[in-house]
Structures are given as C-alpha cells and as structure tokens.
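Heads up: the structure comes next, in structure tokens.
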Amino acid sequence: MASQDDPQDVREDAALLPRHLCRVMGLNQNHSSRSGAPYHVQIEDRGPVFDDATETWVRRVNVIAYANYGEPTARIVYGKDHDFPDVRTHEHNRSIAQRIQGLAAEARLVLEEREERQTQKIKKLLERYYLSRDERVKREIEEANSLYPFVFARAFQELKAERPPAPEAPVPAPHEEPETVYPLDAAWRELVLEIERVAGDLQRDLAELKARGAADDILQATCAKLLARARESLARRDASADFTMRHLEMTRNSLVTAYRQVRARVTRGGAT
C-alpha cells in the first residue's frame, strides 16, 4: 500500500514535475448576492495530496465561501474539496488554473441557490410565528435576522409583497436537512470537508451496489445510520471544541471503514 512517505508512490519519470511545482495560483473573489449580502470566495490549489480513504494520490482544489464578509458576523457557509487526477505536467497545471475559474462560478451559483432556500425558510418561519406566536419560532427568526440580515430583509419584503391569505390552521414545521457548520479553524474545517467528501463517495458507491442488487439490508441499514450520524455531527454548534474534534474524528474513521468495505464490493463486481 502506498503512503505519503513512500518514494515509490511518485512516478519516476524525468518528464514529470516535482510535487512542489504542481500548484497554481488560487483565487480570492468578492461576490454580492441578489439580496445584497457580501460574500468572499476563496479557492486554493493544494497540489498532489495522498487521500487516506481511497489510498491514492489526487490533485486537490479547495473551495470555501464566507458570508457577511468583512463583518463581525462573518462565517464560512460553504466548503468543498474537488479532486482531480494527479498528473504532474505543465499542461495539467494549466487545466487546473482554468478549472479554478469554473469552480468560482459554480460557488457563486451555490451561494445564490442557498440564499433562495434560506429566503423560503425565513418566510415560512414568519408565517408560522404570525399564526402561533410561538416563542421558539420567534427565537429562530431572531437568529436568522442576526446571521443573515440581507436575506432576512429580502424574505420580509417578498412576504409583504405577496400578501398571502392566512391559512386556517398553523403550518407544520417542514423537515429540513441540518446545515453543515464550517469552522474557521483550518484543521477542524479540513476534518469537516473530509467527512463530507467520504460521505458523498460512500453514497455514490452504495447506490451503485443497490442498482446491481448487491447491497444487502444489513449493509444499507449500517450505511444509512453512519450517514445520518455524519449529518448530525456536521451540524453541531453547541459542544466544546475538544469534544467536537473527537466526535468528528470518530465519525470520519467509521465512514472511511464503511467506504472501503463498499468500495471493495464495487471493485470486485458486487460479489458478496
């Protein structure tokens, strides 16, 4: 098995670039959304890295986006690692540089789509509070106004313009997936991104096994439980940093173990 320190993991070809030359300039870009909220998109080419889950070398490009950029309430609201083949040539460097521009455009689109969901969520909260005067809903509204003032203003104005007829019964709270918390601490955030990356790979490979009819009920139930725990872990806000880090590390390790088991079944044709 290859490792980060194993000299055999790097192809010994004089035409290939050394690892430290396989990085291109990243990107820092401000963005003002439809609601007027200030964002900052940051993209970094990390070059060749060894991925522990897949046990392969990849070219990793990291994307993060800050909301309320430049304000005391600034926070990371989006993060994703993009892995490309580890091809150590000048031509691949140029292709990565071009791809970074595309990733910036994709990140801006994600931010706008995220705002649209937040707008709809805030409008529903306002409607529920109007009907119920529930103090818990009121606290949610106050938190939303504090974290997303521009989006809140947009939601309030849209709701006011729509002037919908009041329903006869209270609107039940919709089921929504919890939002991932992206910490400002780099090491902590890297762990969060790794969990998201491995969870995505696990879901993809599990879906392939299910399509083949090779995913038994126990495997599906186990993976579903792990993925649910991962989503819960990524949304934690109230625990201490030490506890959260330990919890995230345990979550990451469990996901990696499950991913390797599923990947082994996929690569051997779904045999059990």
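As shown in the structure tokens, the chain order sets the letters A, B, ...; within each chain, residues go from 1, and ligands are also counted from 1 in the order they appear.
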
Practice item. Quick one: everything within 9 Å of Asp81 (chain A), counting only C-alpha atoms, minus sequence neighbours fewer than 5 positions away in the same chain. Send it as an NGL selection string. Key: :A and (60-64 or 193-194 or 196-197)

Review point. Which is closest to Ala258 (chain A) among A:Ser233, A:Arg94, A:Thr54, A:Arg154, if we use only C-alpha atoms?
Key: A:Thr54

Review point. In terms of the shortest atom-to-atom distance over only C-alpha atoms, which of A:Lys225, A:Arg23, A:Arg246, A:Arg265 is closest to Lys210 (chain A)?
Key: A:Arg265

Exercise for review: Could you pull out the residues in region 60-164 of chain A that DSSP calls alpha helix (DSSP H) from the backbone, as a ChimeraX atom specification?
Suggested key: /A:90-132,135-147,149-162
